[in-house]
Protein chains: 2
Amino acid sequence: MKISDEILKELKFDDKGLLTAVAQDFETNEILMVAFMNLEALLKTIETEKAHYYSRSRAKQWLKGESSGHIQIVHEMYIDCDADAVVMKVEQVAGGACHTGYRSCFYRTVDGNIVGEKVFNPEEVY
Amino acid sequence: MKISDEILKELKFDDKGLLTAVAQDFETNEILMVAFMNLEALLKTIETEKAHYYSRSRAKQWLKGESSGHIQIVHEMYIDCDADAVVMKVEQVAGGACHTGYRSCFYRTVDGNIVGEKVFNPEEVY
């Protein structure tokens, strides 16, 4: 995978140097997580085809799955019209993207119902 | 649609008072756009079941489709594990979410190929 020079120049990082990044399942399009990337995380993702993000709370770049082993293999990557967000179609290793054990971080509706599928026990993984 | 008191209390806005908001097609799960919501936009979206966002560049809340008529009818709404992002399953009126005329704002891969479908002529709409 590579990024074109034109899109590289066009990227619009926010005032913290971040883009929004969305990971969706490469087969079903289910949205697994939403996070952020700095330039380094973006380039590392493109180079390795494994999703890297930037943690705002820990103020560092991280490889998704570095502690759990639940990496995300990136099949396709898209940029939006104003070049401040990316979408990745990913293959979620071990099935669960969320640190809580759910397949997706979006396992609740806004009225509080749990609708997601729990696919691993976080106590056994972390 | 409503938001539970528990989730309302749990919401984690960033230092500008914003959540990330992702709109995906309610039938195919295609991601149509990524934007932001302040509390007012979130509550207005839940109350009206039409997507409202907060524009960082114009520094104001807006109803998606207010000038084009291309509103988004919200069928379902999810919150993520750390309560700083929402996902909406929407019905995109007139088919195109992007102001450029494409169905999705993510009409390009990072290597610069245009892969999206153009569904309207923006000059006729705006």
# chains A, B, ... in the order shown; residues from 1 in each chain; ligands from 1

call {"tool": "interface_residues", "arguments": {"of": "chain B", "to": "chain A", "cutoff": "10 Å", "atoms": "only C-alpha atoms", "output": "JSON, numbers by chain"}}
result
{"B": [1, 2, 3, 4, 5, 6, 7, 8, 20, 21, 22, 24, 25, 28, 29, 30, 31, 32, 33, 34, 35, 46, 76, 77, 78, 79, 80, 81, 82, 83, 84, 85, 86, 87, 88, 98, 99, 100, 102, 104, 105, 106, 107, 108, 109, 110, 111, 112, 113, 114, 115]}

call {"tool": "write_last_selection", "arguments": {"atoms": "N, CA and C atoms", "output": "compact mmCIF listing (two decimals), in the first residue's frame"}}
result
# COMPACT_ATOMS: atom_id res chain seq x y z
N MET B 1 -36.25 8.34 19.35
CA MET B 1 -34.93 7.95 19.84
C MET B 1 -34.62 8.75 21.10
N LYS B 2 -33.95 8.11 22.07
CA LYS B 2 -33.56 8.90 23.25
C LYS B 2 -32.21 8.45 23.76
N ILE B 3 -31.65 9.28 24.62
CA ILE B 3 -30.34 8.96 25.21
C ILE B 3 -30.58 8.69 26.68
N SER B 4 -29.92 7.66 27.21
CA SER B 4 -30.12 7.34 28.62
C SER B 4 -29.33 8.34 29.48
N ASP B 5 -29.82 8.57 30.70
CA ASP B 5 -29.14 9.49 31.61
C ASP B 5 -27.72 9.03 31.88
N GLU B 6 -27.53 7.72 31.97
CA GLU B 6 -26.19 7.19 32.25
C GLU B 6 -25.21 7.53 31.14
N ILE B 7 -25.64 7.34 29.90
CA ILE B 7 -24.74 7.63 28.79
C ILE B 7 -24.52 9.13 28.65
N LEU B 8 -25.55 9.90 28.90
CA LEU B 8 -25.41 11.36 28.87
C LEU B 8 -24.32 11.83 29.84
N THR B 20 -16.61 12.73 18.05
CA THR B 20 -16.52 12.33 16.65
C THR B 20 -17.83 11.63 16.27
N ALA B 21 -18.32 11.88 15.06
CA ALA B 21 -19.57 11.27 14.60
C ALA B 21 -19.36 10.65 13.22
N VAL B 22 -19.76 9.39 13.08
CA VAL B 22 -19.62 8.68 11.82
C VAL B 22 -21.02 8.32 11.33
N GLN B 24 -23.03 5.99 8.62
CA GLN B 24 -22.92 4.88 7.68
C GLN B 24 -24.31 4.55 7.14
N ASP B 25 -24.34 4.00 5.92
CA ASP B 25 -25.61 3.64 5.31
C ASP B 25 -26.30 2.56 6.15
N THR B 28 -26.24 -0.94 3.86
CA THR B 28 -24.99 -1.56 3.39
C THR B 28 -23.83 -1.38 4.36
N ASN B 29 -23.98 -0.50 5.37
CA ASN B 29 -22.90 -0.15 6.29
C ASN B 29 -21.78 0.67 5.64
N GLU B 30 -21.96 1.08 4.39
CA GLU B 30 -20.95 1.95 3.77
C GLU B 30 -20.79 3.22 4.61
N ILE B 31 -19.54 3.63 4.85
CA ILE B 31 -19.32 4.86 5.62
C ILE B 31 -19.49 6.05 4.68
N LEU B 32 -20.37 6.96 5.06
CA LEU B 32 -20.70 8.10 4.20
C LEU B 32 -19.89 9.34 4.55
N MET B 33 -19.71 9.59 5.84
CA MET B 33 -18.94 10.77 6.26
C MET B 33 -18.53 10.66 7.71
N VAL B 34 -17.51 11.45 8.05
CA VAL B 34 -17.03 11.56 9.43
C VAL B 34 -17.00 13.04 9.77
N ALA B 35 -17.59 13.41 10.88
CA ALA B 35 -17.63 14.82 11.27
C ALA B 35 -17.66 14.91 12.80
N ILE B 46 -30.80 13.38 18.14
CA ILE B 46 -31.60 12.37 18.83
C ILE B 46 -33.08 12.77 18.85
N GLU B 76 -30.52 4.32 13.66
CA GLU B 76 -29.94 3.79 14.90
C GLU B 76 -28.74 4.64 15.27
N MET B 77 -28.40 4.65 16.56
CA MET B 77 -27.26 5.44 17.00
C MET B 77 -26.54 4.72 18.12
N TYR B 78 -25.23 4.62 17.99
CA TYR B 78 -24.40 3.86 18.93
C TYR B 78 -23.34 4.77 19.54
N ILE B 79 -22.90 4.42 20.74
CA ILE B 79 -21.83 5.15 21.43
C ILE B 79 -20.68 4.17 21.67
N ASP B 80 -19.45 4.66 21.66
CA ASP B 80 -18.34 3.71 21.83
C ASP B 80 -17.95 3.53 23.30
N CYS B 81 -17.03 2.62 23.54
CA CYS B 81 -16.66 2.20 24.90
C CYS B 81 -16.24 3.36 25.78
N ASP B 82 -15.48 4.31 25.22
CA ASP B 82 -15.06 5.44 26.05
C ASP B 82 -15.91 6.69 25.83
N ALA B 83 -17.03 6.53 25.16
CA ALA B 83 -18.07 7.58 25.07
C ALA B 83 -17.57 8.90 24.47
N ASP B 84 -16.64 8.79 23.50
CA ASP B 84 -16.20 10.01 22.82
C ASP B 84 -16.49 9.97 21.31
N ALA B 85 -17.22 8.96 20.84
CA ALA B 85 -17.56 8.86 19.42
C ALA B 85 -18.93 8.19 19.28
N VAL B 86 -19.69 8.64 18.27
CA VAL B 86 -20.97 8.00 17.95
C VAL B 86 -20.96 7.51 16.51
N VAL B 87 -21.71 6.45 16.28
CA VAL B 87 -21.95 5.94 14.94
C VAL B 87 -23.45 5.99 14.69
N MET B 88 -23.83 6.51 13.52
CA MET B 88 -25.24 6.54 13.15
C MET B 88 -25.46 5.71 11.92
N CYS B 98 -21.72 13.55 0.16
CA CYS B 98 -20.57 14.43 0.02
C CYS B 98 -20.93 15.67 -0.81
N HIS B 99 -20.41 16.83 -0.39
CA HIS B 99 -20.71 18.08 -1.11
C HIS B 99 -20.12 18.09 -2.52
N THR B 100 -19.21 17.14 -2.81
CA THR B 100 -18.61 17.04 -4.14
C THR B 100 -19.50 16.27 -5.11
N TYR B 102 -20.29 12.98 -4.60
CA TYR B 102 -20.11 11.54 -4.43
C TYR B 102 -21.05 11.02 -3.34
N SER B 104 -20.25 8.90 -0.97
CA SER B 104 -19.51 8.95 0.29
C SER B 104 -18.38 9.97 0.17
N CYS B 105 -18.04 10.62 1.29
CA CYS B 105 -16.86 11.50 1.28
C CYS B 105 -15.57 10.71 1.06
N PHE B 106 -15.61 9.41 1.30
CA PHE B 106 -14.41 8.57 1.17
C PHE B 106 -14.38 7.95 -0.23
N TYR B 107 -14.31 8.79 -1.24
CA TYR B 107 -14.39 8.33 -2.63
C TYR B 107 -13.01 8.09 -3.25
N ARG B 108 -11.94 8.28 -2.44
CA ARG B 108 -10.58 8.08 -2.95
C ARG B 108 -9.79 7.15 -2.04
N THR B 109 -8.96 6.30 -2.64
CA THR B 109 -8.00 5.54 -1.83
C THR B 109 -6.82 6.45 -1.53
N VAL B 110 -5.99 6.08 -0.55
CA VAL B 110 -4.85 6.94 -0.20
C VAL B 110 -3.82 7.01 -1.31
N ASP B 111 -3.84 6.07 -2.25
CA ASP B 111 -2.91 6.22 -3.38
C ASP B 111 -3.52 7.05 -4.51
N GLY B 112 -4.66 7.67 -4.26
CA GLY B 112 -5.18 8.70 -5.17
C GLY B 112 -6.17 8.21 -6.21
N ASN B 113 -6.56 6.95 -6.17
CA ASN B 113 -7.56 6.47 -7.13
C ASN B 113 -8.97 6.86 -6.70
N ILE B 114 -9.74 7.32 -7.66
CA ILE B 114 -11.14 7.63 -7.37
C ILE B 114 -11.95 6.37 -7.55
N VAL B 115 -12.55 5.90 -6.47
CA VAL B 115 -13.27 4.63 -6.49
C VAL B 115 -14.74 4.82 -6.17

call {"tool": "calpha_fit_and_write", "arguments": {"fixed": "chain B", "moving": "chain A", "output": "PDB file with C-alpha atoms, in the first residue's frame"}}
result
ATOM      1  CA  MET A   1     -34.937   7.917  19.850  1.00  0.00           C
ATOM      2  CA  LYS A   2     -33.564   8.894  23.228  1.00  0.00           C
ATOM      3  CA  ILE A   3     -30.348   8.962  25.200  1.00  0.00           C
ATOM      4  CA  SER A   4     -30.104   7.342  28.625  1.00  0.00           C
ATOM      5  CA  ASP A   5     -29.142   9.497  31.622  1.00  0.00           C
ATOM      6  CA  GLU A   6     -26.188   7.208  32.268  1.00  0.00           C
ATOM      7  CA  ILE A   7     -24.742   7.638  28.798  1.00  0.00           C
ATOM      8  CA  LEU A   8     -25.421  11.376  28.879  1.00  0.00           C
ATOM      9  CA  LYS A   9     -23.286  11.613  32.039  1.00  0.00           C
ATOM     10  CA  GLU A  10     -20.606   9.388  30.572  1.00  0.00           C
ATOM     11  CA  LEU A  11     -20.057  11.427  27.370  1.00  0.00           C
ATOM     12  CA  LYS A  12     -16.449  12.540  26.959  1.00  0.00           C
ATOM     13  CA  PHE A  13     -16.207  15.672  24.864  1.00  0.00           C
ATOM     14  CA  ASP A  14     -12.740  16.779  23.753  1.00  0.00           C
ATOM     15  CA  ASP A  15     -11.237  20.114  24.803  1.00  0.00           C
ATOM     16  CA  LYS A  16     -13.345  21.858  22.115  1.00  0.00           C
ATOM     17  CA  GLY A  17     -16.548  20.237  23.422  1.00  0.00           C
ATOM     18  CA  LEU A  18     -16.838  17.788  20.515  1.00  0.00           C
ATOM     19  CA  LEU A  19     -17.471  14.101  19.887  1.00  0.00           C
ATOM     20  CA  THR A  20     -16.528  12.326  16.650  1.00  0.00           C
ATOM     21  CA  ALA A  21     -19.568  11.273  14.601  1.00  0.00           C
ATOM     22  CA  VAL A  22     -19.624   8.692  11.807  1.00  0.00           C
ATOM     23  CA  ALA A  23     -22.560   8.210   9.439  1.00  0.00           C
ATOM     24  CA  GLN A  24     -22.915   4.887   7.681  1.00  0.00           C
ATOM     25  CA  ASP A  25     -25.609   3.628   5.322  1.00  0.00           C
ATOM     26  CA  PHE A  26     -28.316   1.825   7.306  1.00  0.00           C
ATOM     27  CA  GLU A  27     -28.524  -0.985   4.750  1.00  0.00           C
ATOM     28  CA  THR A  28     -24.996  -1.554   3.396  1.00  0.00           C
ATOM     29  CA  ASN A  29     -22.904  -0.124   6.294  1.00  0.00           C
ATOM     30  CA  GLU A  30     -20.947   1.958   3.762  1.00  0.00           C
ATOM     31  CA  ILE A  31     -19.312   4.858   5.619  1.00  0.00           C
ATOM     32  CA  LEU A  32     -20.685   8.089   4.186  1.00  0.00           C
ATOM     33  CA  MET A  33     -18.945  10.782   6.245  1.00  0.00           C
ATOM     34  CA  VAL A  34     -17.027  11.555   9.420  1.00  0.00           C
ATOM     35  CA  ALA A  35     -17.630  14.813  11.270  1.00  0.00           C
ATOM     36  CA  PHE A  36     -18.093  16.237  14.770  1.00  0.00           C
ATOM     37  CA  MET A  37     -20.967  16.952  17.146  1.00  0.00           C
ATOM     38  CA  ASN A  38     -21.198  19.232  20.160  1.00  0.00           C
ATOM     39  CA  LEU A  39     -23.776  18.409  22.848  1.00  0.00           C
ATOM     40  CA  GLU A  40     -26.423  20.540  21.145  1.00  0.00           C
ATOM     41  CA  ALA A  41     -25.963  18.797  17.782  1.00  0.00           C
ATOM     42  CA  LEU A  42     -26.098  15.393  19.471  1.00  0.00           C
ATOM     43  CA  LEU A  43     -29.320  16.160  21.337  1.00  0.00           C
ATOM     44  CA  LYS A  44     -30.902  17.748  18.241  1.00  0.00           C
ATOM     45  CA  THR A  45     -30.014  14.636  16.214  1.00  0.00           C
ATOM     46  CA  ILE A  46     -31.594  12.355  18.814  1.00  0.00           C
ATOM     47  CA  GLU A  47     -34.696  14.554  19.133  1.00  0.00           C
ATOM     48  CA  THR A  48     -35.344  15.023  15.403  1.00  0.00           C
ATOM     49  CA  GLU A  49     -33.760  11.793  14.073  1.00  0.00           C
ATOM     50  CA  LYS A  50     -32.029  13.934  11.449  1.00  0.00           C
ATOM     51  CA  ALA A  51     -28.240  14.196  11.588  1.00  0.00           C
ATOM     52  CA  HIS A  52     -26.901  17.487  12.959  1.00  0.00           C
ATOM     53  CA  TYR A  53     -23.181  18.213  13.170  1.00  0.00           C
ATOM     54  CA  TYR A  54     -20.872  20.920  14.451  1.00  0.00           C
ATOM     55  CA  SER A  55     -18.698  22.596  11.849  1.00  0.00           C
ATOM     56  CA  ARG A  56     -15.240  23.393  13.180  1.00  0.00           C
ATOM     57  CA  SER A  57     -14.445  25.707  10.271  1.00  0.00           C
ATOM     58  CA  ARG A  58     -17.713  27.658  10.492  1.00  0.00           C
ATOM     59  CA  ALA A  59     -17.896  27.283  14.323  1.00  0.00           C
ATOM     60  CA  LYS A  60     -21.595  26.481  14.271  1.00  0.00           C
ATOM     61  CA  GLN A  61     -24.041  23.629  14.500  1.00  0.00           C
ATOM     62  CA  TRP A  62     -25.709  22.596  11.236  1.00  0.00           C
ATOM     63  CA  LEU A  63     -28.430  20.314   9.983  1.00  0.00           C
ATOM     64  CA  LYS A  64     -26.864  18.027   7.353  1.00  0.00           C
ATOM     65  CA  GLY A  65     -28.713  18.835   4.128  1.00  0.00           C
ATOM     66  CA  GLU A  66     -29.935  22.275   5.207  1.00  0.00           C
ATOM     67  CA  SER A  67     -28.817  23.814   1.922  1.00  0.00           C
ATOM     68  CA  SER A  68     -28.816  20.771  -0.396  1.00  0.00           C
ATOM     69  CA  GLY A  69     -31.937  19.068   0.962  1.00  0.00           C
ATOM     70  CA  HIS A  70     -29.818  15.922   1.284  1.00  0.00           C
ATOM     71  CA  ILE A  71     -30.678  15.201   4.899  1.00  0.00           C
ATOM     72  CA  GLN A  72     -29.762  12.037   6.773  1.00  0.00           C
ATOM     73  CA  ILE A  73     -32.568  10.194   8.551  1.00  0.00           C
ATOM     74  CA  VAL A  74     -31.106   8.448  11.578  1.00  0.00           C
ATOM     75  CA  HIS A  75     -32.314   4.887  12.112  1.00  0.00           C
ATOM     76  CA  GLU A  76     -29.939   3.785  14.888  1.00  0.00           C
ATOM     77  CA  MET A  77     -27.261   5.459  17.003  1.00  0.00           C
ATOM     78  CA  TYR A  78     -24.409   3.863  18.927  1.00  0.00           C
ATOM     79  CA  ILE A  79     -21.834   5.143  21.414  1.00  0.00           C
ATOM     80  CA  ASP A  80     -18.350   3.699  21.842  1.00  0.00           C
ATOM     81  CA  CYS A  81     -16.659   2.205  24.907  1.00  0.00           C
ATOM     82  CA  ASP A  82     -15.054   5.447  26.066  1.00  0.00           C
ATOM     83  CA  ALA A  83     -18.062   7.587  25.064  1.00  0.00           C
ATOM     84  CA  ASP A  84     -16.207  10.011  22.807  1.00  0.00           C
ATOM     85  CA  ALA A  85     -17.573   8.861  19.428  1.00  0.00           C
ATOM     86  CA  VAL A  86     -20.970   8.009  17.949  1.00  0.00           C
ATOM     87  CA  VAL A  87     -21.953   5.945  14.932  1.00  0.00           C
ATOM     88  CA  MET A  88     -25.249   6.548  13.150  1.00  0.00           C
ATOM     89  CA  LYS A  89     -26.986   4.240  10.712  1.00  0.00           C
ATOM     90  CA  VAL A  90     -28.607   6.684   8.314  1.00  0.00           C
ATOM     91  CA  GLU A  91     -30.810   6.832   5.274  1.00  0.00           C
ATOM     92  CA  GLN A  92     -29.139   9.347   2.962  1.00  0.00           C
ATOM     93  CA  VAL A  93     -31.826  11.343   1.167  1.00  0.00           C
ATOM     94  CA  ALA A  94     -30.988  11.803  -2.545  1.00  0.00           C
ATOM     95  CA  GLY A  95     -28.187   9.254  -2.195  1.00  0.00           C
ATOM     96  CA  GLY A  96     -25.162  11.530  -1.881  1.00  0.00           C
ATOM     97  CA  ALA A  97     -23.563  12.560   1.418  1.00  0.00           C
ATOM     98  CA  CYS A  98     -20.570  14.435   0.013  1.00  0.00           C
ATOM     99  CA  HIS A  99     -20.708  18.078  -1.106  1.00  0.00           C
ATOM    100  CA  THR A 100     -18.609  17.038  -4.124  1.00  0.00           C
ATOM    101  CA  GLY A 101     -21.497  14.916  -5.453  1.00  0.00           C
ATOM    102  CA  TYR A 102     -20.113  11.548  -4.432  1.00  0.00           C
ATOM    103  CA  ARG A 103     -22.183   9.096  -2.427  1.00  0.00           C
ATOM    104  CA  SER A 104     -19.511   8.970   0.292  1.00  0.00           C
ATOM    105  CA  CYS A 105     -16.858  11.502   1.294  1.00  0.00           C
ATOM    106  CA  PHE A 106     -14.402   8.570   1.170  1.00  0.00           C
ATOM    107  CA  TYR A 107     -14.389   8.341  -2.623  1.00  0.00           C
ATOM    108  CA  ARG A 108     -10.566   8.084  -2.941  1.00  0.00           C
ATOM    109  CA  THR A 109      -7.991   5.548  -1.819  1.00  0.00           C
ATOM    110  CA  VAL A 110      -4.853   6.943  -0.183  1.00  0.00           C
ATOM    111  CA  ASP A 111      -2.898   6.225  -3.359  1.00  0.00           C
ATOM    112  CA  GLY A 112      -5.177   8.682  -5.155  1.00  0.00           C
ATOM    113  CA  ASN A 113      -7.560   6.466  -7.121  1.00  0.00           C
ATOM    114  CA  ILE A 114     -11.145   7.642  -7.363  1.00  0.00           C
ATOM    115  CA  VAL A 115     -13.274   4.645  -6.472  1.00  0.00           C
ATOM    116  CA  GLY A 116     -16.509   6.312  -5.346  1.00  0.00           C
ATOM    117  CA  GLU A 117     -19.754   6.748  -7.195  1.00  0.00           C
ATOM    118  CA  LYS A 118     -20.833  10.250  -8.261  1.00  0.00           C
ATOM    119  CA  VAL A 119     -24.577  10.545  -7.660  1.00  0.00           C
ATOM    120  CA  PHE A 120     -25.347  14.237  -8.185  1.00  0.00           C
ATOM    121  CA  ASN A 121     -23.942  17.349  -9.786  1.00  0.00           C
ATOM    122  CA  PRO A 122     -22.982  19.780  -7.012  1.00  0.00           C
ATOM    123  CA  GLU A 123     -23.454  22.762  -9.325  1.00  0.00           C
ATOM    124  CA  GLU A 124     -27.127  21.915  -9.638  1.00  0.00           C
ATOM    125  CA  VAL A 125     -27.597  21.457  -5.892  1.00  0.00           C
ATOM    126  CA  TYR A 126     -25.685  24.312  -4.190  1.00  0.00           C
TER     127      TYR A 126
END

call {"tool": "select_by_dssp", "arguments": {"residues": "chain B", "states": "alpha helix (DSSP H)", "output": "ChimeraX atom specification"}}
result
/B:5-10,39-48,122-125

call {"tool": "write_last_selection", "arguments": {"atoms": "C-alpha atoms", "output": "PDB file, in the first residue's frame"}}
result
ATOM      1  CA  ASP B   5     -29.140   9.492  31.610  1.00  0.00           C
ATOM      2  CA  GLU B   6     -26.191   7.192  32.254  1.00  0.00           C
ATOM      3  CA  ILE B   7     -24.737   7.629  28.790  1.00  0.00           C
ATOM      4  CA  LEU B   8     -25.408  11.364  28.871  1.00  0.00           C
ATOM      5  CA  LYS B   9     -23.295  11.585  32.031  1.00  0.00           C
ATOM      6  CA  GLU B  10     -20.602   9.362  30.574  1.00  0.00           C
ATOM      7  CA  LEU B  39     -23.787  18.411  22.853  1.00  0.00           C
ATOM      8  CA  GLU B  40     -26.428  20.550  21.149  1.00  0.00           C
ATOM      9  CA  ALA B  41     -25.966  18.801  17.774  1.00  0.00           C
ATOM     10  CA  LEU B  42     -26.104  15.401  19.476  1.00  0.00           C
ATOM     11  CA  LEU B  43     -29.340  16.182  21.341  1.00  0.00           C
ATOM     12  CA  LYS B  44     -30.915  17.764  18.257  1.00  0.00           C
ATOM     13  CA  THR B  45     -30.022  14.642  16.235  1.00  0.00           C
ATOM     14  CA  ILE B  46     -31.598  12.367  18.825  1.00  0.00           C
ATOM     15  CA  GLU B  47     -34.707  14.549  19.161  1.00  0.00           C
ATOM     16  CA  THR B  48     -35.343  15.019  15.410  1.00  0.00           C
ATOM     17  CA  PRO B 122     -22.975  19.784  -7.001  1.00  0.00           C
ATOM     18  CA  GLU B 123     -23.433  22.781  -9.324  1.00  0.00           C
ATOM     19  CA  GLU B 124     -27.104  21.934  -9.639  1.00  0.00           C
ATOM     20  CA  VAL B 125     -27.580  21.461  -5.897  1.00  0.00           C
TER      21      VAL B 125
END

call {"tool": "select_by_dssp", "arguments": {"residues": "chain B", "states": "strand (DSSP E)", "output": "number ranges by chain"}}
result
B: 19-25, 31-37, 52-55, 60-63, 72-79, 85-92, 108-109

call {"tool": "write_last_selection", "arguments": {"atoms": "C-alpha atoms", "output": "PDB file, in the first residue's frame"}}
result
ATOM      1  CA  LEU B  19     -17.476  14.101  19.885  1.00  0.00           C
ATOM      2  CA  THR B  20     -16.521  12.325  16.651  1.00  0.00           C
ATOM      3  CA  ALA B  21     -19.572  11.269  14.596  1.00  0.00           C
ATOM      4  CA  VAL B  22     -19.617   8.682  11.817  1.00  0.00           C
ATOM      5  CA  ALA B  23     -22.568   8.198   9.435  1.00  0.00           C
ATOM      6  CA  GLN B  24     -22.919   4.882   7.678  1.00  0.00           C
ATOM      7  CA  ASP B  25     -25.606   3.638   5.308  1.00  0.00           C
ATOM      8  CA  ILE B  31     -19.316   4.857   5.618  1.00  0.00           C
ATOM      9  CA  LEU B  32     -20.696   8.097   4.197  1.00  0.00           C
ATOM     10  CA  MET B  33     -18.944  10.770   6.258  1.00  0.00           C
ATOM     11  CA  VAL B  34     -17.028  11.558   9.430  1.00  0.00           C
ATOM     12  CA  ALA B  35     -17.630  14.820  11.266  1.00  0.00           C
ATOM     13  CA  PHE B  36     -18.110  16.246  14.775  1.00  0.00           C
ATOM     14  CA  MET B  37     -20.975  16.964  17.161  1.00  0.00           C
ATOM     15  CA  HIS B  52     -26.905  17.493  12.968  1.00  0.00           C
ATOM     16  CA  TYR B  53     -23.191  18.214  13.184  1.00  0.00           C
ATOM     17  CA  TYR B  54     -20.887  20.933  14.465  1.00  0.00           C
ATOM     18  CA  SER B  55     -18.705  22.590  11.840  1.00  0.00           C
ATOM     19  CA  LYS B  60     -21.579  26.486  14.267  1.00  0.00           C
ATOM     20  CA  GLN B  61     -24.049  23.643  14.495  1.00  0.00           C
ATOM     21  CA  TRP B  62     -25.706  22.612  11.232  1.00  0.00           C
ATOM     22  CA  LEU B  63     -28.415  20.309   9.990  1.00  0.00           C
ATOM     23  CA  GLN B  72     -29.752  12.043   6.792  1.00  0.00           C
ATOM     24  CA  ILE B  73     -32.564  10.195   8.560  1.00  0.00           C
ATOM     25  CA  VAL B  74     -31.094   8.449  11.591  1.00  0.00           C
ATOM     26  CA  HIS B  75     -32.316   4.871  12.127  1.00  0.00           C
ATOM     27  CA  GLU B  76     -29.936   3.789  14.896  1.00  0.00           C
ATOM     28  CA  MET B  77     -27.256   5.444  16.997  1.00  0.00           C
ATOM     29  CA  TYR B  78     -24.397   3.864  18.929  1.00  0.00           C
ATOM     30  CA  ILE B  79     -21.831   5.151  21.429  1.00  0.00           C
ATOM     31  CA  ALA B  85     -17.562   8.861  19.421  1.00  0.00           C
ATOM     32  CA  VAL B  86     -20.968   8.003  17.951  1.00  0.00           C
ATOM     33  CA  VAL B  87     -21.948   5.935  14.939  1.00  0.00           C
ATOM     34  CA  MET B  88     -25.244   6.543  13.153  1.00  0.00           C
ATOM     35  CA  LYS B  89     -26.985   4.231  10.705  1.00  0.00           C
ATOM     36  CA  VAL B  90     -28.610   6.676   8.316  1.00  0.00           C
ATOM     37  CA  GLU B  91     -30.800   6.832   5.277  1.00  0.00           C
ATOM     38  CA  GLN B  92     -29.122   9.346   2.981  1.00  0.00           C
ATOM     39  CA  ARG B 108     -10.576   8.077  -2.949  1.00  0.00           C
ATOM     40  CA  THR B 109      -8.001   5.542  -1.830  1.00  0.00           C
TER      41      THR B 109
END
